[in-house]
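K.L.:
Sharing model-v7.cif below, mmCIF, C-alpha atoms:
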data_model
#
loop_
_atom_site.label_atom_id
_atom_site.label_comp_id
_atom_site.auth_asym_id
_atom_site.auth_seq_id
_atom_site.Cartn_x
_atom_site.Cartn_y
_atom_site.Cartn_z
CA MET A 17 -72.83 -103.56 66.76
CA LYS A 18 -73.57 -104.26 70.40
CA ILE A 19 -70.93 -104.15 73.12
CA LEU A 20 -71.78 -104.77 76.76
CA VAL A 21 -69.72 -105.13 79.93
CA GLN A 22 -72.00 -106.44 82.65
CA ALA A 23 -72.18 -108.52 85.82
CA GLU A 24 -75.33 -110.34 84.65
CA ASP A 25 -75.40 -113.57 82.66
CA PHE A 26 -76.18 -113.48 78.94
CA ASP A 27 -78.37 -115.66 76.71
CA LEU A 28 -76.70 -116.89 73.53
CA GLY A 29 -80.01 -117.83 71.89
CA ALA A 30 -81.58 -114.48 72.65
CA GLU A 31 -78.56 -112.64 71.22
CA VAL A 32 -78.60 -114.70 68.01
CA ASP A 33 -82.36 -114.13 67.67
CA ALA A 34 -81.96 -110.40 68.20
CA MET A 35 -79.25 -110.26 65.55
CA SER A 36 -81.17 -112.12 62.85
CA ARG A 37 -84.73 -110.99 63.57
CA GLY A 38 -86.36 -109.06 60.74
CA ARG A 39 -83.57 -109.45 58.21
CA SER A 40 -82.86 -111.97 55.47
CA ASP A 41 -79.44 -110.91 54.22
CA ILE A 42 -77.55 -112.88 56.91
CA GLY A 43 -76.30 -116.25 55.70
CA ALA A 44 -74.08 -117.18 58.66
CA ILE A 45 -73.87 -116.49 62.39
CA ALA A 46 -70.82 -117.77 64.28
CA SER A 47 -70.60 -117.53 68.04
CA PHE A 48 -68.11 -118.15 70.83
CA VAL A 49 -68.86 -118.57 74.54
CA GLY A 50 -65.99 -118.61 77.04
CA LEU A 51 -66.67 -120.34 80.38
CA ALA A 52 -64.98 -120.27 83.79
CA ARG A 53 -63.12 -123.52 84.44
CA ASP A 54 -62.64 -125.32 87.76
CA MET A 55 -58.93 -125.90 87.16
CA ASN A 56 -56.01 -123.70 86.06
CA GLU A 57 -52.24 -124.00 86.30
CA GLY A 58 -52.54 -127.29 88.15
CA SER A 59 -54.81 -126.27 90.99
CA GLY A 60 -58.52 -126.12 91.62
CA VAL A 61 -60.38 -122.85 91.11
CA GLU A 62 -63.36 -122.27 93.38
CA ALA A 63 -64.33 -118.90 91.94
CA MET A 64 -62.87 -115.99 90.01
CA THR A 65 -63.37 -112.24 90.06
CA LEU A 66 -63.04 -110.22 86.88
CA GLU A 67 -61.88 -106.63 87.21
CA HIS A 68 -61.85 -104.15 84.33
CA TYR A 69 -61.02 -100.56 83.43
CA PRO A 70 -64.41 -98.86 83.00
CA GLY A 71 -64.40 -96.57 79.99
CA MET A 72 -61.33 -98.05 78.36
CA THR A 73 -62.85 -101.53 78.23
CA GLU A 74 -65.79 -100.46 76.07
CA LYS A 75 -63.48 -98.43 73.80
CA ALA A 76 -61.02 -101.30 73.41
CA LEU A 77 -63.82 -103.74 72.52
CA ALA A 78 -65.30 -101.27 70.01
CA ALA A 79 -61.86 -100.85 68.44
CA LEU A 80 -61.55 -104.63 68.04
CA VAL A 81 -64.93 -104.81 66.35
CA ASP A 82 -64.01 -101.88 64.08
CA GLU A 83 -60.85 -103.70 63.08
CA ALA A 84 -62.81 -106.89 62.35
CA ASN A 85 -65.26 -104.85 60.25
CA ALA A 86 -62.35 -103.42 58.28
CA ARG A 87 -60.99 -106.91 57.56
CA TRP A 88 -64.18 -108.76 56.70
CA ALA A 89 -67.60 -107.95 55.29
CA LEU A 90 -69.61 -108.36 58.48
CA LEU A 91 -73.30 -107.65 58.93
CA ASP A 92 -73.40 -107.41 62.73
CA VAL A 93 -71.29 -108.14 65.82
CA THR A 94 -72.22 -108.58 69.48
CA VAL A 95 -69.63 -108.77 72.27
CA ILE A 96 -70.69 -109.27 75.89
CA HIS A 97 -68.08 -109.65 78.65
CA ARG A 98 -68.99 -110.26 82.26
CA VAL A 99 -67.25 -108.75 85.29
CA GLY A 100 -67.45 -109.46 89.02
CA ARG A 101 -67.40 -112.81 90.78
CA LEU A 102 -68.02 -115.93 88.68
CA LEU A 103 -68.15 -119.62 89.55
CA PRO A 104 -66.80 -122.59 87.56
CA GLY A 105 -69.13 -123.27 84.65
CA ASP A 106 -70.38 -119.69 84.49
CA PRO A 107 -70.23 -117.99 81.08
CA ILE A 108 -67.61 -115.20 80.92
CA VAL A 109 -67.64 -113.87 77.38
CA LEU A 110 -69.85 -114.02 74.30
CA VAL A 111 -68.94 -113.08 70.71
CA VAL A 112 -71.55 -113.37 67.96
CA VAL A 113 -70.73 -112.44 64.35
CA ALA A 114 -73.12 -112.31 61.39
CA SER A 115 -72.07 -112.25 57.74
CA ARG A 116 -73.33 -113.36 54.35
CA HIS A 117 -71.08 -116.43 54.28
CA ARG A 118 -69.56 -118.58 57.00
CA GLY A 119 -65.91 -117.81 56.27
CA GLU A 120 -66.10 -114.21 57.42
CA ALA A 121 -68.16 -115.07 60.50
CA PHE A 122 -65.83 -117.86 61.68
CA ALA A 123 -62.67 -115.84 61.05
CA ALA A 124 -63.92 -112.61 62.59
CA CYS A 125 -65.22 -114.42 65.69
CA GLU A 126 -61.80 -115.98 66.33
CA PHE A 127 -60.01 -112.72 65.52
CA ILE A 128 -62.11 -110.76 68.02
CA MET A 129 -61.47 -113.33 70.76
CA ASP A 130 -57.72 -113.47 70.08
CA PHE A 131 -57.40 -109.68 70.33
CA LEU A 132 -59.79 -109.39 73.26
CA LYS A 133 -57.40 -111.68 75.15
CA THR A 134 -54.44 -109.35 74.60
CA ARG A 135 -55.95 -105.86 74.32
CA ALA A 136 -59.12 -105.53 76.36
CA PRO A 137 -58.39 -104.41 79.95
CA PHE A 138 -59.82 -107.27 82.00
CA TRP A 139 -57.99 -109.11 84.76
CA LYS A 140 -58.90 -112.40 86.45
CA LYS A 141 -58.26 -113.17 90.10
CA GLU A 142 -58.80 -116.79 91.11
CA GLU A 143 -59.81 -118.23 94.46
CA THR A 144 -57.97 -121.52 94.98
CA PRO A 145 -57.52 -123.85 97.99
CA GLN A 146 -54.06 -122.20 98.37
CA GLY A 147 -55.56 -118.70 98.47
CA GLU A 148 -56.22 -115.92 95.97
CA ARG A 149 -53.99 -115.35 92.95
CA TRP A 150 -54.02 -113.04 89.94
CA VAL A 151 -53.91 -114.93 86.65
CA ASP A 152 -50.75 -114.26 84.65
CA ALA A 153 -50.99 -113.41 80.96
CA ARG A 154 -49.99 -116.33 78.74
CA SER A 155 -47.51 -116.05 75.90
CA SER A 156 -49.75 -118.39 73.87
CA ASP A 157 -52.38 -115.62 73.87
CA ASP A 158 -49.85 -113.16 72.43
CA ALA A 159 -48.94 -115.74 69.81
CA ALA A 160 -52.59 -116.30 68.92
CA ALA A 161 -53.08 -112.56 68.36
CA ALA A 162 -49.78 -112.14 66.51
CA ARG A 163 -50.68 -114.66 63.81
CA TRP A 164 -53.37 -112.27 62.55
CA GLU A 165 -50.66 -109.72 61.76
CA LYS A 166 -49.52 -111.88 58.85
CA PRO A 167 -51.22 -110.57 55.73
CA GLY A 168 -53.80 -112.89 54.29
CA PHE A 169 -53.81 -115.30 57.20
CA ARG A 170 -57.11 -117.12 57.43
CA SER A 171 -59.21 -114.68 55.51
CA GLY A 172 -61.47 -117.71 55.25
CA PRO A 173 -63.56 -119.27 52.49
CA THR A 174 -66.11 -117.02 50.86
CA SER A 175 -69.00 -119.42 50.54
CA MET B 22 -48.10 -81.13 84.02
CA LYS B 23 -50.97 -82.59 85.97
CA LEU B 24 -51.79 -86.25 85.51
CA HIS B 25 -54.53 -88.50 86.78
CA VAL B 26 -52.92 -91.91 87.30
CA LEU B 27 -54.87 -95.15 87.74
CA TYR B 28 -53.64 -98.59 88.78
CA PHE B 29 -55.44 -101.87 88.20
CA ALA B 30 -55.53 -105.48 89.34
CA ARG B 31 -52.36 -106.90 90.91
CA LEU B 32 -50.52 -103.56 90.65
CA ARG B 33 -53.37 -101.70 92.39
CA GLU B 34 -53.18 -104.20 95.24
CA ARG B 35 -49.39 -104.18 95.52
CA PHE B 36 -49.12 -100.38 95.37
CA GLY B 37 -52.04 -100.00 97.74
CA VAL B 38 -53.53 -97.21 95.65
CA ALA B 39 -56.21 -97.22 92.94
CA GLU B 40 -55.71 -93.68 91.66
CA GLU B 41 -53.84 -90.48 92.40
CA ALA B 42 -53.33 -86.95 91.08
CA LEU B 43 -49.70 -86.28 90.14
CA ASP B 44 -47.84 -83.06 89.41
CA PHE B 45 -45.16 -84.25 87.04
CA THR B 46 -42.32 -82.61 85.09
CA GLY B 47 -41.36 -85.36 82.62
CA VAL B 48 -42.36 -85.81 78.98
CA THR B 49 -42.98 -89.48 78.17
CA ALA B 50 -44.62 -92.52 79.70
CA ALA B 51 -41.10 -93.83 80.37
CA ASP B 52 -40.36 -90.67 82.39
CA LEU B 53 -43.46 -91.31 84.48
CA VAL B 54 -42.46 -94.94 85.09
CA ALA B 55 -38.96 -93.78 86.11
CA HIS B 56 -40.53 -91.26 88.48
CA LEU B 57 -42.72 -93.94 90.06
CA GLN B 58 -39.70 -96.25 90.42
CA THR B 59 -37.96 -93.65 92.59
CA ARG B 60 -40.60 -94.31 95.26
CA GLY B 61 -38.70 -97.53 95.92
CA GLY B 62 -40.12 -100.69 97.50
CA VAL B 63 -42.91 -102.36 95.52
CA TRP B 64 -42.84 -99.49 92.98
CA ALA B 65 -39.20 -100.13 92.08
CA GLU B 66 -39.79 -103.86 92.10
CA GLU B 67 -42.94 -104.02 89.95
CA LEU B 68 -41.84 -101.38 87.44
CA ALA B 69 -38.24 -102.62 87.07
CA ALA B 70 -36.86 -103.22 83.59
CA GLY B 71 -37.98 -106.60 82.32
CA ARG B 72 -41.17 -106.71 84.39
CA ALA B 73 -44.36 -107.07 82.39
CA PHE B 74 -46.74 -104.14 82.72
CA ARG B 75 -48.75 -101.97 80.37
CA VAL B 76 -49.30 -98.20 80.23
CA ALA B 77 -52.39 -96.57 78.73
CA ILE B 78 -52.73 -92.85 77.99
CA ASN B 79 -56.29 -91.56 77.78
CA GLN B 80 -57.53 -95.16 77.63
CA GLU B 81 -55.27 -96.37 74.80
CA ILE B 82 -52.37 -98.76 75.39
CA VAL B 83 -49.12 -97.05 74.36
CA THR B 84 -45.41 -97.81 74.18
CA LEU B 85 -43.18 -96.20 76.79
CA ASP B 86 -41.85 -93.58 74.34
CA ALA B 87 -45.36 -92.06 74.07
CA VAL B 88 -45.60 -88.38 75.00
CA LEU B 89 -47.94 -87.49 77.86
CA PRO B 90 -50.43 -84.72 77.13
CA ASP B 91 -51.26 -82.33 79.96
CA SER B 92 -54.19 -83.48 82.12
CA ALA B 93 -53.87 -87.00 80.71
CA GLU B 94 -55.50 -90.00 82.31
CA VAL B 95 -52.66 -92.52 82.61
CA ALA B 96 -53.19 -96.11 83.67
CA VAL B 97 -50.57 -98.65 84.73
CA PHE B 98 -51.64 -102.30 84.82
CA PRO B 99 -50.50 -105.90 84.34
CA PRO B 100 -50.87 -107.63 80.98
CA VAL B 101 -54.57 -108.30 80.49
CA THR B 102 -56.19 -111.68 81.21
CA GLY B 103 -59.83 -111.44 80.14
CA GLY B 104 -61.86 -113.67 77.87
#
Would you put the structure from the file into C-alpha cells?
P.N.:
Amino acid sequence: MKILVQAEDFDLGAEVDAMSRGRSDIGAIASFVGLARDMNEGSGVEAMTLEHYPGMTEKALAALVDEANARWALLDVTVIHRVGRLLPGDPIVLVVVASRHRGEAFAACEFIMDFLKTRAPFWKKEETPQGERWVDARSSDDAAAARWEKPGFRSGPTS
Amino acid sequence: MKLHVLYFARLRERFGVAEEALDFTGVTAADLVAHLQTRGGVWAEELAAGRAFRVAINQEIVTLDAVLPDSAEVAVFPPVTGG
C-alpha cells in the first residue's frame, strides 16, 4: 500500500510499473485519474487550490484502503492526492488497484474514490472571473458513497 | 479540559483563525459547538443548526454526541471536497 499527499505531479505509468514489477500474481490493475476542469457550477475556473488537514488526511486515506482490503481480495493499492495550486487539466488524484481478477480491481478503485470524496479532508477553492470561491460539497457525492453501504452491492465479477 | 482546536478551509477564513488552545468545561463535541456559537457573529452563523460542518476528534470525523477526551485535537471544517 502506498499513500502520498504531495504538491508534485504523479506518473500513472510509473506507478503501475512499480506495482507490477517483479511479481506475476497480479491479473488486473485498475486505475483512476481525476483532473482539474476549466468549468464548474456554470462559470469558468482559472485555477484551484487544494487545502488539506495534514496528519488526518493520510490516516483517512489509509482507513479507506483498509476498508477496501477488507471487502475485496486486493494485492496492492496506491493513492496519490495533490495539494496546492492546480491549473485546469492538471491531475489531482490517482488511485491504482491490483488484484488477481478485474472485478475486485474495478470495484475497489471506484469504492476508494467514492469514499475519498466524502471522508478525506481536502477542500477545493476555485479562482473564477467573479473571484475566489470555496467549492461546496455535492449531495451526489454522498449518494455515491452511500450506495456501497448496501450489502453485496457491486462486489463485481470474479474472473 | 484543555483542547487544541483547528479550523479549515472556508471556516478558517470566516473565523479568521486557523487554530487555538481552549480551556473548556463541556463534555461532548456538541457542547464545544454550543460554546463556539456563543461568540456570536460568524461563529453563531456558521455553526447554527442546519448548517453543514464536520467535527473531527483526534483526526477522526465524529458525530456531535461524541465525548471529548482531555487534551484532544478537535477540528471543525466544511464538508470535504477533494478528489
K.L.:
Report the residues retrieved by the PyMOL selection byres ((chain A) within 8 of (chain B)) from the displayed file, expressed as an MDAnalysis selection string.
P.N.:
chainID A and resid 50 66:69 71:72 75:76 97 108:109 129 132:140 150:153
K.L.:
Out of B:Ile78, B:Ala51, B:Leu57, B:Glu40, which residue has the shortest atom-to-atom distance to B:Asp91 when counting all atoms listed in the file?
P.N.:
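Ranking B:Ile78, B:Ala51, B:Leu57, B:Glu40 by distance to B:Asp91, first place goes to B:Ile78.
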K.L.:
Using only C-alpha atoms, can you tell me which of A:Asp41, A:Glu74, A:Glu62, A:Asp54 comes closest to A:Ile19?
P.N.:
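Checking each of A:Asp41, A:Glu74, A:Glu62, A:Asp54 against A:Ile19, counting only C-alpha atoms, the winner is A:Glu74.
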K.L.:
May I have the protein, DNA and RNA residues with an atom at most 12 Å from (-43.1, -85.8, 87.5), counting all atoms listed in the file in the file's coordinates, returned as a list in words?
P.N.:
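The residues that fall inside the cut-off are Met22, Lys23, Leu24, His25, Val26, Ala42, Leu43, Asp44, Phe45, Thr46, Gly47, Val48, Thr49, Ala50, Ala51, Asp52, Leu53, Val54, Ala55, His56, Leu57, Gln58, Thr59, Arg60, Leu89 and Asp91 of chain B.
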K.L.:
What does the structure give for the distance between atom CA of A:Glu83 and atom CA of A:Ile96, in Å to one decimal?
P.N.:
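Those two atoms sit 17.1 Å apart.
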K.L.:
When you draw a straight line from atom CA of A:Ser156 to atom CA of A:Ala79, how long is it in Å?
P.N.:
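Between atom CA of A:Ser156 and atom CA of A:Ala79 the gap is 22.0 Å.
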K.L.:
Rebuild stretch 31-56 of chain B to N, CA and C atoms - output it as a PDB file, in the coordinates of the input, please.
P.N.:
ATOM      1  N   ARG B  31     -53.434-106.570  89.966  1.00  0.00           N
ATOM      2  CA  ARG B  31     -52.360-106.900  90.910  1.00  0.00           C
ATOM      3  C   ARG B  31     -51.545-105.661  91.290  1.00  0.00           C
ATOM      4  N   LEU B  32     -51.324-104.753  90.329  1.00  0.00           N
ATOM      5  CA  LEU B  32     -50.520-103.560  90.650  1.00  0.00           C
ATOM      6  C   LEU B  32     -51.266-102.638  91.608  1.00  0.00           C
ATOM      7  N   ARG B  33     -52.581-102.502  91.452  1.00  0.00           N
ATOM      8  CA  ARG B  33     -53.370-101.700  92.390  1.00  0.00           C
ATOM      9  C   ARG B  33     -53.219-102.263  93.808  1.00  0.00           C
ATOM     10  N   GLU B  34     -53.302-103.579  93.910  1.00  0.00           N
ATOM     11  CA  GLU B  34     -53.180-104.200  95.240  1.00  0.00           C
ATOM     12  C   GLU B  34     -51.789-104.039  95.825  1.00  0.00           C
ATOM     13  N   ARG B  35     -50.759-104.259  94.991  1.00  0.00           N
ATOM     14  CA  ARG B  35     -49.390-104.180  95.520  1.00  0.00           C
ATOM     15  C   ARG B  35     -49.025-102.744  95.893  1.00  0.00           C
ATOM     16  N   PHE B  36     -49.446-101.774  95.080  1.00  0.00           N
ATOM     17  CA  PHE B  36     -49.120-100.380  95.370  1.00  0.00           C
ATOM     18  C   PHE B  36     -49.998 -99.825  96.503  1.00  0.00           C
ATOM     19  N   GLY B  37     -51.141-100.473  96.699  1.00  0.00           N
ATOM     20  CA  GLY B  37     -52.040-100.000  97.740  1.00  0.00           C
ATOM     21  C   GLY B  37     -52.742 -98.704  97.390  1.00  0.00           C
ATOM     22  N   VAL B  38     -52.846 -98.422  96.097  1.00  0.00           N
ATOM     23  CA  VAL B  38     -53.530 -97.210  95.650  1.00  0.00           C
ATOM     24  C   VAL B  38     -54.221 -97.500  94.319  1.00  0.00           C
ATOM     25  N   ALA B  39     -55.446 -97.003  94.174  1.00  0.00           N
ATOM     26  CA  ALA B  39     -56.210 -97.220  92.940  1.00  0.00           C
ATOM     27  C   ALA B  39     -56.043 -96.049  91.982  1.00  0.00           C
ATOM     28  N   GLU B  40     -55.901 -94.841  92.528  1.00  0.00           N
ATOM     29  CA  GLU B  40     -55.710 -93.680  91.660  1.00  0.00           C
ATOM     30  C   GLU B  40     -55.107 -92.536  92.459  1.00  0.00           C
ATOM     31  N   GLU B  41     -54.443 -91.635  91.737  1.00  0.00           N
ATOM     32  CA  GLU B  41     -53.840 -90.480  92.400  1.00  0.00           C
ATOM     33  C   GLU B  41     -53.675 -89.345  91.382  1.00  0.00           C
ATOM     34  N   ALA B  42     -53.635 -88.121  91.907  1.00  0.00           N
ATOM     35  CA  ALA B  42     -53.330 -86.950  91.080  1.00  0.00           C
ATOM     36  C   ALA B  42     -51.843 -86.669  91.238  1.00  0.00           C
ATOM     37  N   LEU B  43     -51.144 -86.487  90.112  1.00  0.00           N
ATOM     38  CA  LEU B  43     -49.700 -86.280  90.140  1.00  0.00           C
ATOM     39  C   LEU B  43     -49.347 -84.966  89.449  1.00  0.00           C
ATOM     40  N   ASP B  44     -48.436 -84.211  90.076  1.00  0.00           N
ATOM     41  CA  ASP B  44     -47.840 -83.060  89.410  1.00  0.00           C
ATOM     42  C   ASP B  44     -46.487 -83.531  88.926  1.00  0.00           C
ATOM     43  N   PHE B  45     -46.246 -83.486  87.629  1.00  0.00           N
ATOM     44  CA  PHE B  45     -45.160 -84.250  87.040  1.00  0.00           C
ATOM     45  C   PHE B  45     -44.431 -83.384  86.016  1.00  0.00           C
ATOM     46  N   THR B  46     -43.096 -83.494  85.979  1.00  0.00           N
ATOM     47  CA  THR B  46     -42.320 -82.610  85.090  1.00  0.00           C
ATOM     48  C   THR B  46     -41.718 -83.330  83.892  1.00  0.00           C
ATOM     49  N   GLY B  47     -41.939 -84.626  83.741  1.00  0.00           N
ATOM     50  CA  GLY B  47     -41.360 -85.360  82.620  1.00  0.00           C
ATOM     51  C   GLY B  47     -42.144 -85.178  81.327  1.00  0.00           C
ATOM     52  N   VAL B  48     -41.764 -85.960  80.316  1.00  0.00           N
ATOM     53  CA  VAL B  48     -42.360 -85.810  78.980  1.00  0.00           C
ATOM     54  C   VAL B  48     -43.079 -87.091  78.532  1.00  0.00           C
ATOM     55  N   THR B  49     -42.440 -88.228  78.729  1.00  0.00           N
ATOM     56  CA  THR B  49     -42.980 -89.480  78.170  1.00  0.00           C
ATOM     57  C   THR B  49     -43.501 -90.421  79.247  1.00  0.00           C
ATOM     58  N   ALA B  50     -44.154 -91.480  78.773  1.00  0.00           N
ATOM     59  CA  ALA B  50     -44.620 -92.520  79.700  1.00  0.00           C
ATOM     60  C   ALA B  50     -43.432 -93.144  80.426  1.00  0.00           C
ATOM     61  N   ALA B  51     -42.304 -93.282  79.726  1.00  0.00           N
ATOM     62  CA  ALA B  51     -41.100 -93.830  80.370  1.00  0.00           C
ATOM     63  C   ALA B  51     -40.636 -92.929  81.513  1.00  0.00           C
ATOM     64  N   ASP B  52     -40.733 -91.610  81.322  1.00  0.00           N
ATOM     65  CA  ASP B  52     -40.360 -90.670  82.390  1.00  0.00           C
ATOM     66  C   ASP B  52     -41.249 -90.872  83.619  1.00  0.00           C
ATOM     67  N   LEU B  53     -42.534 -91.090  83.357  1.00  0.00           N
ATOM     68  CA  LEU B  53     -43.460 -91.310  84.480  1.00  0.00           C
ATOM     69  C   LEU B  53     -43.114 -92.605  85.222  1.00  0.00           C
ATOM     70  N   VAL B  54     -42.829 -93.658  84.457  1.00  0.00           N
ATOM     71  CA  VAL B  54     -42.460 -94.940  85.090  1.00  0.00           C
ATOM     72  C   VAL B  54     -41.189 -94.750  85.918  1.00  0.00           C
ATOM     73  N   ALA B  55     -40.208 -94.018  85.369  1.00  0.00           N
ATOM     74  CA  ALA B  55     -38.960 -93.780  86.110  1.00  0.00           C
ATOM     75  C   ALA B  55     -39.250 -93.010  87.397  1.00  0.00           C
ATOM     76  N   HIS B  56     -40.149 -92.039  87.315  1.00  0.00           N
ATOM     77  CA  HIS B  56     -40.530 -91.260  88.480  1.00  0.00           C
ATOM     78  C   HIS B  56     -41.170 -92.163  89.546  1.00  0.00           C
TER      79      HIS B  56
END
